[in-house]
file upload_1.json (JSON, C-alpha atoms and all ligand atoms)
[["chain", "number", "residue", "atom", "x", "y", "z"],
["A", 26, "MET", "CA", 69.56, 29.66, -66.97],
["A", 27, "ALA", "CA", 72.21, 28.41, -64.57],
["A", 28, "PRO", "CA", 75.11, 30.84, -64.09],
["A", 29, "ILE", "CA", 78.45, 29.92, -65.63],
["A", 30, "ILE", "CA", 80.90, 28.90, -62.95],
["A", 31, "ALA", "CA", 84.67, 29.00, -63.46],
["A", 32, "ALA", "CA", 86.62, 26.58, -61.31],
["A", 33, "SER", "CA", 90.25, 25.75, -60.57],
["A", 34, "PHE", "CA", 91.62, 22.55, -59.07],
["A", 35, "ALA", "CA", 95.17, 22.65, -57.74],
["A", 36, "GLY", "CA", 97.15, 19.60, -56.69],
["A", 37, "GLY", "CA", 99.83, 20.32, -54.10],
["A", 38, "SER", "CA", 100.27, 20.43, -50.35],
["A", 39, "ARG", "CA", 97.19, 22.51, -49.51],
["A", 40, "GLY", "CA", 93.44, 22.24, -49.75],
["A", 41, "GLN", "CA", 90.31, 20.83, -48.24],
["A", 42, "TYR", "CA", 90.66, 17.45, -49.91],
["A", 43, "ARG", "CA", 93.19, 14.74, -49.11],
["A", 44, "ILE", "CA", 94.14, 12.75, -52.19],
["A", 45, "THR", "CA", 93.84, 9.03, -51.61],
["A", 46, "GLN", "CA", 94.71, 7.89, -55.12],
["A", 47, "ILE", "CA", 95.83, 9.28, -58.49],
["A", 48, "THR", "CA", 95.51, 6.65, -61.21],
["A", 49, "PRO", "CA", 96.48, 7.27, -64.83],
["A", 50, "VAL", "CA", 93.70, 5.35, -66.60],
["A", 51, "ILE", "CA", 94.93, 6.09, -70.13],
["A", 52, "GLY", "CA", 97.62, 8.46, -71.41],
["A", 53, "GLU", "CA", 99.90, 10.62, -69.33],
["A", 54, "GLY", "CA", 99.15, 10.84, -65.60],
["A", 55, "LEU", "CA", 99.50, 13.78, -63.21],
["A", 56, "ALA", "CA", 102.24, 14.23, -60.61],
["A", 57, "PRO", "CA", 101.36, 12.58, -57.30],
["A", 58, "VAL", "CA", 100.46, 15.14, -54.65],
["A", 59, "ALA", "CA", 98.98, 15.04, -51.15],
["A", 60, "ARG", "CA", 96.09, 17.49, -51.34],
["A", 61, "LEU", "CA", 93.66, 19.20, -53.68],
["A", 62, "ALA", "CA", 92.49, 22.78, -53.36],
["A", 63, "THR", "CA", 89.36, 23.68, -55.30],
["A", 64, "HIS", "CA", 87.99, 27.06, -56.01],
["A", 65, "GLU", "CA", 84.95, 28.27, -57.88],
["A", 66, "ARG", "CA", 84.37, 31.75, -59.32],
["A", 67, "ALA", "CA", 87.38, 33.82, -58.16],
["A", 68, "PRO", "CA", 90.87, 32.94, -59.37],
["A", 69, "LEU", "CA", 93.12, 31.94, -56.52],
["A", 70, "ASP", "CA", 96.85, 31.84, -55.99],
["A", 71, "PHE", "CA", 97.58, 28.21, -55.25],
["A", 72, "GLY", "CA", 101.22, 28.87, -54.38],
["A", 73, "ASP", "CA", 103.28, 25.75, -54.73],
["A", 74, "ALA", "CA", 100.76, 23.62, -56.66],
["A", 75, "ALA", "CA", 102.34, 20.88, -58.82],
["A", 76, "TRP", "CA", 99.48, 21.22, -61.29],
["A", 77, "THR", "CA", 96.37, 23.37, -61.71],
["A", 78, "LEU", "CA", 93.41, 22.44, -63.89],
["A", 79, "ARG", "CA", 90.75, 24.92, -64.97],
["A", 80, "GLY", "CA", 87.29, 24.63, -66.42],
["A", 81, "THR", "CA", 83.92, 26.34, -66.64],
["A", 82, "THR", "CA", 80.40, 25.04, -66.51],
["A", 83, "GLY", "CA", 78.47, 25.73, -69.69],
["A", 84, "HIS", "CA", 75.31, 24.86, -71.53],
["A", 85, "VAL", "CA", 74.67, 21.15, -72.10],
["A", 86, "ARG", "CA", 75.35, 19.67, -75.54],
["A", 87, "TYR", "CA", 73.65, 16.30, -75.61],
["A", 88, "VAL", "CA", 70.79, 16.28, -73.10],
["A", 89, "ALA", "CA", 67.33, 15.77, -74.63],
["A", 90, "GLN", "CA", 64.30, 17.40, -72.99],
["A", 91, "ARG", "CA", 62.98, 14.21, -71.36],
["A", 92, "GLU", "CA", 66.47, 13.51, -69.98],
["A", 93, "LYS", "CA", 66.71, 17.05, -68.62],
["A", 94, "VAL", "CA", 63.45, 16.48, -66.73],
["A", 95, "ALA", "CA", 64.58, 13.06, -65.47],
["A", 96, "LEU", "CA", 67.93, 14.44, -64.27],
["A", 97, "ALA", "CA", 66.37, 17.47, -62.58],
["A", 98, "ALA", "CA", 64.02, 15.17, -60.64],
["A", 99, "VAL", "CA", 66.81, 13.16, -58.99],
["A", 100, "GLN", "CA", 70.15, 14.95, -59.15],
["A", 101, "PRO", "CA", 71.38, 16.12, -55.74],
["A", 102, "LEU", "CA", 73.27, 19.35, -55.06],
["A", 103, "LEU", "CA", 76.98, 19.39, -54.39],
["A", 104, "GLY", "CA", 78.18, 19.94, -50.84],
["A", 105, "ARG", "CA", 76.02, 17.44, -48.95],
["A", 106, "PRO", "CA", 77.69, 16.98, -45.55],
["A", 107, "GLU", "CA", 77.56, 13.16, -45.75],
["A", 108, "ALA", "CA", 79.20, 13.09, -49.21],
["A", 109, "THR", "CA", 82.78, 13.12, -47.92],
["A", 110, "CYS", "CA", 84.20, 11.11, -50.83],
["A", 111, "ALA", "CA", 84.93, 12.90, -54.08],
["A", 112, "ALA", "CA", 86.43, 12.13, -57.46],
["A", 113, "LEU", "CA", 88.02, 14.51, -59.94],
["A", 114, "ILE", "CA", 88.36, 12.76, -63.29],
["A", 115, "PRO", "CA", 89.93, 14.92, -66.02],
["A", 116, "ILE", "CA", 89.32, 13.54, -69.50],
["A", 117, "ARG", "CA", 90.53, 14.36, -73.01],
["A", 118, "LYS", "CA", 88.87, 12.90, -76.10],
["A", 119, "SER", "CA", 90.60, 12.21, -79.40],
["A", 120, "ASP", "CA", 90.60, 14.21, -82.64],
["A", 121, "ALA", "CA", 88.42, 11.42, -84.08],
["A", 122, "TRP", "CA", 85.71, 12.38, -81.55],
["A", 123, "TRP", "CA", 85.93, 16.10, -82.25],
["A", 124, "ASP", "CA", 85.90, 15.45, -86.00],
["A", 125, "LEU", "CA", 82.43, 13.85, -85.69],
["A", 126, "ALA", "CA", 79.28, 15.88, -86.30],
["A", 127, "GLN", "CA", 77.03, 16.74, -83.36],
["A", 128, "ASP", "CA", 74.41, 14.10, -84.26],
["A", 129, "GLU", "CA", 77.08, 11.39, -84.54],
["A", 130, "ARG", "CA", 78.50, 12.30, -81.12],
["A", 131, "ARG", "CA", 75.04, 12.28, -79.53],
["A", 132, "ALA", "CA", 74.37, 8.83, -81.07],
["A", 133, "ILE", "CA", 77.55, 7.41, -79.57],
["A", 134, "PHE", "CA", 77.13, 9.21, -76.23],
["A", 135, "GLU", "CA", 73.53, 8.22, -75.54],
["A", 136, "GLU", "CA", 71.86, 5.97, -78.11],
["A", 137, "ARG", "CA", 74.78, 3.51, -78.13],
["A", 138, "SER", "CA", 76.66, 4.12, -74.86],
["A", 139, "ARG", "CA", 73.64, 5.06, -72.67],
["A", 140, "HIS", "CA", 75.74, 7.53, -70.67],
["A", 141, "ILE", "CA", 72.74, 9.38, -69.21],
["A", 142, "ALA", "CA", 70.55, 6.30, -68.78],
["A", 143, "VAL", "CA", 73.35, 4.45, -66.97],
["A", 144, "GLY", "CA", 74.27, 7.53, -64.91],
["A", 145, "LEU", "CA", 70.66, 8.08, -63.82],
["A", 146, "ASP", "CA", 70.72, 4.71, -62.04],
["A", 147, "TYR", "CA", 73.34, 6.11, -59.66],
["A", 148, "LEU", "CA", 71.41, 9.23, -58.69],
["A", 149, "PRO", "CA", 70.78, 10.59, -56.11],
["A", 150, "ALA", "CA", 73.75, 8.77, -54.48],
["A", 151, "VAL", "CA", 76.24, 10.66, -56.65],
["A", 152, "ALA", "CA", 76.29, 14.46, -57.08],
["A", 153, "ARG", "CA", 78.15, 15.71, -60.15],
["A", 154, "ARG", "CA", 79.37, 18.74, -62.04],
["A", 155, "LEU", "CA", 80.87, 18.86, -65.51],
["A", 156, "TYR", "CA", 83.41, 21.56, -66.37],
["A", 157, "GLN", "CA", 84.47, 22.26, -69.96],
["A", 158, "SER", "CA", 88.19, 22.89, -70.46],
["A", 159, "ARG", "CA", 88.89, 22.34, -74.14],
["A", 160, "GLU", "CA", 88.07, 25.86, -75.25],
["A", 161, "LEU", "CA", 90.38, 27.24, -72.56],
["A", 162, "GLY", "CA", 93.37, 25.52, -74.17],
["A", 163, "GLU", "CA", 93.74, 23.23, -71.17],
["A", 164, "PRO", "CA", 95.41, 19.79, -71.31],
["A", 165, "PHE", "CA", 92.04, 18.08, -70.73],
["A", 166, "ASP", "CA", 88.70, 18.64, -72.52],
["A", 167, "PHE", "CA", 86.58, 18.02, -69.41],
["A", 168, "LEU", "CA", 86.97, 18.07, -65.65],
["A", 169, "THR", "CA", 84.36, 15.79, -64.15],
["A", 170, "TRP", "CA", 83.63, 16.13, -60.42],
["A", 171, "PHE", "CA", 81.64, 13.75, -58.22],
["A", 172, "GLU", "CA", 80.66, 13.63, -54.54],
["A", 173, "TYR", "CA", 79.24, 10.62, -52.69],
["A", 174, "ALA", "CA", 79.03, 9.16, -49.21],
["A", 175, "PRO", "CA", 81.48, 6.39, -48.20],
["A", 176, "GLU", "CA", 78.61, 3.87, -48.20],
["A", 177, "HIS", "CA", 78.19, 4.45, -51.95],
["A", 178, "ALA", "CA", 81.87, 4.04, -52.84],
["A", 179, "ALA", "CA", 81.39, 0.53, -54.30],
["A", 180, "ARG", "CA", 78.46, 1.73, -56.42],
["A", 181, "PHE", "CA", 80.59, 4.57, -57.74],
["A", 182, "GLU", "CA", 83.28, 2.06, -58.84],
["A", 183, "GLN", "CA", 80.56, 0.13, -60.66],
["A", 184, "LEU", "CA", 79.42, 3.28, -62.47],
["A", 185, "VAL", "CA", 82.93, 4.24, -63.57],
["A", 186, "ALA", "CA", 83.61, 0.69, -64.80],
["A", 187, "ALA", "CA", 80.32, 0.61, -66.74],
["A", 188, "LEU", "CA", 81.09, 3.91, -68.51],
["A", 189, "ARG", "CA", 84.68, 2.90, -69.32],
["A", 190, "ALA", "CA", 83.35, -0.19, -71.12],
["A", 191, "THR", "CA", 81.23, 1.89, -73.54],
["A", 192, "GLU", "CA", 81.80, 2.88, -77.15],
["A", 193, "GLU", "CA", 82.08, 6.51, -75.99],
["A", 194, "TRP", "CA", 85.21, 5.68, -74.00],
["A", 195, "ARG", "CA", 87.01, 4.40, -77.14],
["A", 196, "TYR", "CA", 87.45, 8.10, -77.90],
["A", 197, "VAL", "CA", 89.04, 8.88, -74.53],
["A", 198, "GLU", "CA", 92.77, 9.32, -75.06],
["A", 199, "ARG", "CA", 93.72, 10.75, -71.67],
["A", 200, "GLU", "CA", 92.03, 10.11, -68.33],
["A", 201, "VAL", "CA", 93.31, 10.46, -64.80],
["A", 202, "ASP", "CA", 91.24, 9.21, -61.87],
["A", 203, "ILE", "CA", 91.81, 11.27, -58.71],
["A", 204, "ARG", "CA", 90.06, 10.14, -55.54],
["A", 205, "LEU", "CA", 89.62, 12.40, -52.56],
["A", 206, "VAL", "CA", 88.38, 12.63, -49.02],
["A", 207, "LYS", "CA", 87.01, 15.90, -47.69],
["A", 208, "GLU", "CA", 88.71, 17.15, -44.55],
["A", 209, "ASN", "CA", 88.76, 20.27, -42.42],
["A", 210, "ALA", "CA", 88.16, 23.42, -44.49],
["A", 211, "ASN", "CA", 91.13, 25.18, -42.85],
["A", 212, "THR", "CA", 93.87, 22.79, -43.91],
["B", 301, "LIG", "C1", 76.74, 10.05, -61.77],
["B", 301, "LIG", "C2", 76.13, 9.67, -62.89],
["B", 301, "LIG", "C3", 76.34, 10.44, -64.16],
["B", 301, "LIG", "C4", 75.40, 11.14, -64.82],
["B", 301, "LIG", "C5", 73.92, 11.26, -64.44],
["B", 301, "LIG", "C6", 76.04, 11.75, -65.95],
["B", 301, "LIG", "C7", 75.41, 12.57, -66.85],
["B", 301, "LIG", "C8", 76.02, 13.27, -67.85],
["B", 301, "LIG", "C9", 75.35, 14.15, -68.75],
["B", 301, "LIG", "C10", 73.88, 14.50, -68.73],
["B", 301, "LIG", "C11", 76.28, 14.63, -69.61],
["B", 301, "LIG", "C12", 76.02, 15.51, -70.82],
["B", 301, "LIG", "C13", 76.35, 16.95, -70.65],
["B", 301, "LIG", "C14", 76.08, 17.66, -71.95],
["B", 301, "LIG", "O1", 75.03, 17.42, -72.57],
["B", 301, "LIG", "O2", 76.93, 18.48, -72.36],
["B", 301, "LIG", "C15", 77.56, 14.06, -69.24],
["B", 301, "LIG", "C16", 78.73, 14.33, -69.86],
["B", 301, "LIG", "C17", 79.93, 13.78, -69.49],
["B", 301, "LIG", "N1", 80.16, 12.88, -68.46],
["B", 301, "LIG", "FE1", 78.76, 12.08, -67.29],
["B", 301, "LIG", "N2", 77.36, 11.40, -65.97],
["B", 301, "LIG", "C18", 77.60, 10.60, -64.89],
["B", 301, "LIG", "C19", 78.80, 10.02, -64.54],
["B", 301, "LIG", "C20", 79.98, 10.22, -65.21],
["B", 301, "LIG", "C21", 81.25, 9.64, -64.82],
["B", 301, "LIG", "C22", 81.46, 8.69, -63.62],
["B", 301, "LIG", "C23", 82.20, 10.10, -65.68],
["B", 301, "LIG", "C24", 83.67, 9.82, -65.73],
["B", 301, "LIG", "C25", 84.22, 8.67, -65.37],
["B", 301, "LIG", "C26", 81.51, 10.99, -66.61],
["B", 301, "LIG", "C27", 82.11, 11.70, -67.62],
["B", 301, "LIG", "C28", 81.50, 12.57, -68.46],
["B", 301, "LIG", "C29", 82.17, 13.31, -69.51],
["B", 301, "LIG", "C30", 83.65, 13.28, -69.86],
["B", 301, "LIG", "C31", 81.18, 14.07, -70.15],
["B", 301, "LIG", "C32", 81.38, 15.01, -71.34],
["B", 301, "LIG", "C33", 81.17, 14.22, -72.61],
["B", 301, "LIG", "C34", 81.28, 15.06, -73.86],
["B", 301, "LIG", "O3", 80.80, 16.21, -73.87],
["B", 301, "LIG", "O4", 81.85, 14.53, -74.82],
["B", 301, "LIG", "N3", 80.18, 11.02, -66.30],
["B", 301, "LIG", "N4", 77.36, 13.22, -68.16]]
call {"tool": "encode", "arguments": {"input": "upload_1.json", "output": "structure tokens"}}
result
Amino acid sequence: MAPIIAASFAGGSRGQYRITQITPVIGEGLAPVARLATHERAPLDFGDAAWTLRGTTGHVRYVAQREKVALAAVQPLLGRPEATCAALIPIRKSDAWWDLAQDERRAIFEERSRHIAVGLDYLPAVARRLYQSRELGEPFDFLTWFEYAPEHAARFEQLVAALRATEEWRYVEREVDIRLVKENANT
């Protein structure tokens, strides 16, 4: 089983990533800042951060066995040197979503919205990691993280637009789209 990873993302004046854009897609946005510091595993003092978001990886909720196999065959690891573009997209879903039963959520997520089937078309160009935040009492339910090379930036926009047009996204009540470029690790 994959280890559980706890991560923090701090928006402020420090960090390896330069923020190119912070777009409030729906609901309240996040304060505009210049840089993003990310840290996995150990908690870190981010000093003057304007905001800090936390999440942990966990077991998957909706992936069927054949999808697990299909994903494992094509999904790339994070940290590829050519994948200098990144996106941090924090998302909160509505009470209506959380009031649904597991089988109803799976039906919306995959049978009707094709989240995994659509996403698979964009692998291996895009590397991803999903962090769960809801159980931590955080302002967002999920922190979604993506890495891709500049040559795949247009494809990534296509993917995000396709997902936002789905039935699943009708349950998204807060979403902020943060785009980043990876720079020198010492900044
Ligand atoms: C790169 C292609 C993508 C693939 C292959 C993919 C795949 C997946 C998979 C397999 C899950 C289910 C995890 C589970 O079972 O718990 C998931 C969940 C999720 N993904 Fe994606 N995804 C992709 C892109 C995106 C993008 C671009 C966004 C945001 C704009 C996004 C947002 C989410 C969210 C919020 C969840 C959690 C849904 C929930 O638990 O209600 N995904 N994704």
call {"tool": "residues_around", "arguments": {"input": "upload_1.json", "residues": "Arg204 of chain A", "least_positions_apart": "4", "cutoff": "7 Å", "atoms": "all atoms listed in the file", "output": "JSON, numbers by chain"}}
result
{"A": [44, 45, 46, 47, 111, 112, 113]}
call {"tool": "closest_residue", "arguments": {"input": "upload_1.json", "among": "A:Leu103, A:Leu168, A:Ile116, A:Ala126", "to": "Ala32 of chain A", "atoms": "only C-alpha atoms"}}
result
A:Leu168
call {"tool": "atom_distance", "arguments": {"input": "upload_1.json", "atom1": "atom CA of Trp194 of chain A", "atom2": "atom CA of Glu136 of chain A"}}
result
14.0 Å
call {"tool": "residues_around", "arguments": {"input": "upload_1.json", "residues": "Ser158 of chain A", "least_positions_apart": "2", "cutoff": "7 Å", "atoms": "all atoms listed in the file", "output": "ChimeraX atom specification"}}
result
/A:79-81,156,160-163,165-168
call {"tool": "residues_around", "arguments": {"input": "upload_1.json", "residues": "Ala178 of chain A", "least_positions_apart": "5", "cutoff": "9 Å", "atoms": "all atoms listed in the file", "output": "PyMOL selection string"}}
result
chain A and resi 110+173+183
call {"tool": "closest_residue", "arguments": {"input": "upload_1.json", "among": "A:Glu172, A:Gly54, A:Val201, A:Ala35", "to": "Phe71 of chain A", "atoms": "all atoms listed in the file"}}
result
A:Ala35
call {"tool": "atom_distance", "arguments": {"input": "upload_1.json", "atom1": "atom CA of Arg139 of chain A", "atom2": "atom C4 of ligand LIG 301 (chain B)"}}
result
10.1 Å
call {"tool": "residues_around", "arguments": {"input": "upload_1.json", "residues": "Gly72 of chain A", "least_positions_apart": "6", "cutoff": "10 Å", "atoms": "only C-alpha atoms", "output": "NGL selection string"}}
result
:A and (35 or 37-39)
call {"tool": "atom_distance", "arguments": {"input": "upload_1.json", "atom1": "atom CA of Val85 of chain A", "atom2": "atom N4 of ligand LIG 301 (chain B)"}}
result
9.3 Å
call {"tool": "closest_atom_pairs", "arguments": {"input": "upload_1.json", "of": "chain A", "to": "ligand LIG 301 (chain B)", "cutoff": "6 Å", "atoms": "all atoms listed in the file", "output": "JSON lines"}}
result
{"residue": "A:Val85", "atom": "CA", "partner": "B:LIG301", "partner_atom": "O2", "distance": 3.5}
{"residue": "A:Arg86", "atom": "CA", "partner": "B:LIG301", "partner_atom": "O1", "distance": 3.7}
{"residue": "A:Tyr87", "atom": "CA", "partner": "B:LIG301", "partner_atom": "O1", "distance": 3.5}
{"residue": "A:Val88", "atom": "CA", "partner": "B:LIG301", "partner_atom": "O1", "distance": 4.4}
{"residue": "A:Ile116", "atom": "CA", "partner": "B:LIG301", "partner_atom": "C30", "distance": 5.7}
{"residue": "A:Ile141", "atom": "CA", "partner": "B:LIG301", "partner_atom": "C7", "distance": 4.8}
{"residue": "A:Gly144", "atom": "CA", "partner": "B:LIG301", "partner_atom": "C2", "distance": 3.5}
{"residue": "A:Leu145", "atom": "CA", "partner": "B:LIG301", "partner_atom": "C5", "distance": 4.6}
{"residue": "A:Tyr147", "atom": "CA", "partner": "B:LIG301", "partner_atom": "C2", "distance": 5.6}
{"residue": "A:Val151", "atom": "CA", "partner": "B:LIG301", "partner_atom": "C1", "distance": 5.2}
{"residue": "A:Phe167", "atom": "CA", "partner": "B:LIG301", "partner_atom": "C30", "distance": 5.6}
{"residue": "A:Thr169", "atom": "CA", "partner": "B:LIG301", "partner_atom": "C27", "distance": 5.8}
{"residue": "A:Leu184", "atom": "CA", "partner": "B:LIG301", "partner_atom": "C22", "distance": 5.9}
{"residue": "A:Val185", "atom": "CA", "partner": "B:LIG301", "partner_atom": "C22", "distance": 4.7}
call {"tool": "residues_near_point", "arguments": {"input": "upload_1.json", "point": "(87.4, 27.6, -57.9)", "cutoff": "12 Å", "atoms": "all atoms listed in the file", "output": "short mmCIF file (atom, residue, chain, number, x, y, z; two decimals) with C-alpha atoms, keeping the file's coordinate frame"}}
result
data_model
loop_
_atom_site.label_atom_id
_atom_site.label_comp_id
_atom_site.auth_asym_id
_atom_site.auth_seq_id
_atom_site.Cartn_x
_atom_site.Cartn_y
_atom_site.Cartn_z
CA ILE A 30 80.90 28.90 -62.95
CA ALA A 31 84.67 29.00 -63.46
CA ALA A 32 86.62 26.58 -61.31
CA SER A 33 90.25 25.75 -60.57
CA PHE A 34 91.62 22.55 -59.07
CA ALA A 35 95.17 22.65 -57.74
CA GLY A 40 93.44 22.24 -49.75
CA LEU A 61 93.66 19.20 -53.68
CA ALA A 62 92.49 22.78 -53.36
CA THR A 63 89.36 23.68 -55.30
CA HIS A 64 87.99 27.06 -56.01
CA GLU A 65 84.95 28.27 -57.88
CA ARG A 66 84.37 31.75 -59.32
CA ALA A 67 87.38 33.82 -58.16
CA PRO A 68 90.87 32.94 -59.37
CA LEU A 69 93.12 31.94 -56.52
CA ASP A 70 96.85 31.84 -55.99
CA PHE A 71 97.58 28.21 -55.25
CA THR A 77 96.37 23.37 -61.71
CA LEU A 78 93.41 22.44 -63.89
CA ARG A 79 90.75 24.92 -64.97
CA GLY A 80 87.29 24.63 -66.42
CA THR A 81 83.92 26.34 -66.64
CA THR A 82 80.40 25.04 -66.51
CA TYR A 156 83.41 21.56 -66.37
#
call {"tool": "closest_residue", "arguments": {"input": "upload_1.json", "among": "A:Arg159, A:Lys93, A:Arg180, A:Arg105", "to": "Ala142 of chain A", "atoms": "only C-alpha atoms"}}
result
A:Lys93
call {"tool": "residues_around", "arguments": {"input": "upload_1.json", "residues": "Thr109 of chain A", "least_positions_apart": "2", "cutoff": "10 Å", "atoms": "only C-alpha atoms", "output": "list of chain:residue names"}}
result
A:Tyr42, A:Gly104, A:Arg105, A:Pro106, A:Glu107, A:Ala111, A:Glu172, A:Tyr173, A:Ala174, A:Pro175, A:Leu205, A:Val206, A:Lys207, A:Glu208
call {"tool": "closest_residue", "arguments": {"input": "upload_1.json", "among": "A:Ala121, A:Gly36, A:Ala27, A:Pro57", "to": "Glu198 of chain A", "atoms": "only C-alpha atoms"}}
result
A:Ala121
call {"tool": "closest_residue", "arguments": {"input": "upload_1.json", "among": "A:Asp202, A:Glu92, A:Glu135, A:Asp124", "to": "Glu182 of chain A", "atoms": "only C-alpha atoms"}}
result
A:Asp202
call {"tool": "closest_residue", "arguments": {"input": "upload_1.json", "among": "A:Ala150, A:Leu55, A:Val50, A:Ile203", "to": "Pro101 of chain A", "atoms": "all atoms listed in the file"}}
result
A:Ala150
call {"tool": "axis_aligned_box", "arguments": {"input": "upload_1.json", "around": "segment 148-165 of chain A", "padding_each_side": "8 Å", "output": "AutoDock Vina command-line options"}}
result
--center_x 83.1 --center_y 18.0 --center_z -64.9 --size_x 40.6 --size_y 34.5 --size_z 36.8
call {"tool": "decode", "arguments": {"input": "upload_1.json", "residues": "segment 59-66 of chain A", "atoms": "all heavy atoms", "output": "mmCIF file, in the first residue's frame"}}
result
data_model
loop_
_atom_site.group_PDB
_atom_site.id
_atom_site.type_symbol
_atom_site.label_atom_id
_atom_site.label_comp_id
_atom_site.auth_asym_id
_atom_site.auth_seq_id
_atom_site.Cartn_x
_atom_site.Cartn_y
_atom_site.Cartn_z
ATOM 1 N N ALA A 59 2.948 35.970 -4.531
ATOM 2 C CA ALA A 59 3.955 35.818 -5.591
ATOM 3 C C ALA A 59 4.462 34.392 -5.739
ATOM 4 O O ALA A 59 4.777 33.945 -6.839
ATOM 5 C CB ALA A 59 5.133 36.756 -5.310
ATOM 6 N N ARG A 60 4.572 33.670 -4.605
ATOM 7 C CA ARG A 60 5.223 32.365 -4.664
ATOM 8 C C ARG A 60 4.487 31.320 -3.837
ATOM 9 O O ARG A 60 3.712 31.642 -2.933
ATOM 10 C CB ARG A 60 6.677 32.466 -4.151
ATOM 11 C CG ARG A 60 7.499 33.508 -4.873
ATOM 12 C CD ARG A 60 8.985 33.360 -4.581
ATOM 13 N NE ARG A 60 9.553 32.227 -5.288
ATOM 14 C CZ ARG A 60 10.021 32.294 -6.533
ATOM 15 N NH1 ARG A 60 10.005 33.412 -7.209
ATOM 16 N NH2 ARG A 60 10.513 31.213 -7.109
ATOM 17 N N LEU A 61 4.777 30.054 -4.165
ATOM 18 C CA LEU A 61 4.188 28.939 -3.421
ATOM 19 C C LEU A 61 5.302 28.037 -2.902
ATOM 20 O O LEU A 61 6.163 27.595 -3.664
ATOM 21 C CB LEU A 61 3.256 28.130 -4.320
ATOM 22 C CG LEU A 61 2.541 26.986 -3.595
ATOM 23 C CD1 LEU A 61 1.278 27.510 -2.906
ATOM 24 C CD2 LEU A 61 2.158 25.878 -4.564
ATOM 25 N N ALA A 62 5.268 27.783 -1.602
ATOM 26 C CA ALA A 62 6.189 26.814 -1.006
ATOM 27 C C ALA A 62 5.392 25.551 -0.740
ATOM 28 O O ALA A 62 4.277 25.606 -0.228
ATOM 29 C CB ALA A 62 6.766 27.368 0.292
ATOM 30 N N THR A 63 5.951 24.410 -1.116
ATOM 31 C CA THR A 63 5.248 23.143 -0.878
ATOM 32 C C THR A 63 6.126 22.266 -0.018
ATOM 33 O O THR A 63 7.346 22.310 -0.112
ATOM 34 C CB THR A 63 4.958 22.394 -2.186
ATOM 35 O OG1 THR A 63 6.188 21.840 -2.663
ATOM 36 C CG2 THR A 63 4.364 23.292 -3.238
ATOM 37 N N HIS A 64 5.475 21.508 0.832
ATOM 38 C CA HIS A 64 6.266 20.604 1.644
ATOM 39 C C HIS A 64 5.481 19.342 1.924
ATOM 40 O O HIS A 64 4.324 19.399 2.312
ATOM 41 C CB HIS A 64 6.672 21.278 2.947
ATOM 42 C CG HIS A 64 7.913 20.668 3.507
ATOM 43 N ND1 HIS A 64 9.153 20.913 2.977
ATOM 44 C CD2 HIS A 64 8.106 19.803 4.506
ATOM 45 C CE1 HIS A 64 10.056 20.228 3.657
ATOM 46 N NE2 HIS A 64 9.443 19.541 4.579
ATOM 47 N N GLU A 65 6.146 18.215 1.738
ATOM 48 C CA GLU A 65 5.515 16.937 2.050
ATOM 49 C C GLU A 65 6.161 16.351 3.296
ATOM 50 O O GLU A 65 7.333 16.580 3.565
ATOM 51 C CB GLU A 65 5.663 15.976 0.872
ATOM 52 C CG GLU A 65 4.766 16.380 -0.281
ATOM 53 C CD GLU A 65 4.548 15.257 -1.278
ATOM 54 O OE1 GLU A 65 5.352 14.321 -1.308
ATOM 55 O OE2 GLU A 65 3.565 15.354 -2.033
ATOM 56 N N ARG A 66 5.383 15.586 4.032
ATOM 57 C CA ARG A 66 5.809 14.869 5.237
ATOM 58 C C ARG A 66 5.977 15.779 6.447
ATOM 59 O O ARG A 66 5.100 15.854 7.285
ATOM 60 C CB ARG A 66 7.079 14.056 5.012
ATOM 61 C CG ARG A 66 6.828 12.899 4.070
ATOM 62 C CD ARG A 66 8.132 12.205 3.690
ATOM 63 N NE ARG A 66 8.011 11.588 2.382
ATOM 64 C CZ ARG A 66 7.460 10.418 2.170
ATOM 65 N NH1 ARG A 66 6.966 9.735 3.156
ATOM 66 N NH2 ARG A 66 7.363 9.949 0.950
#
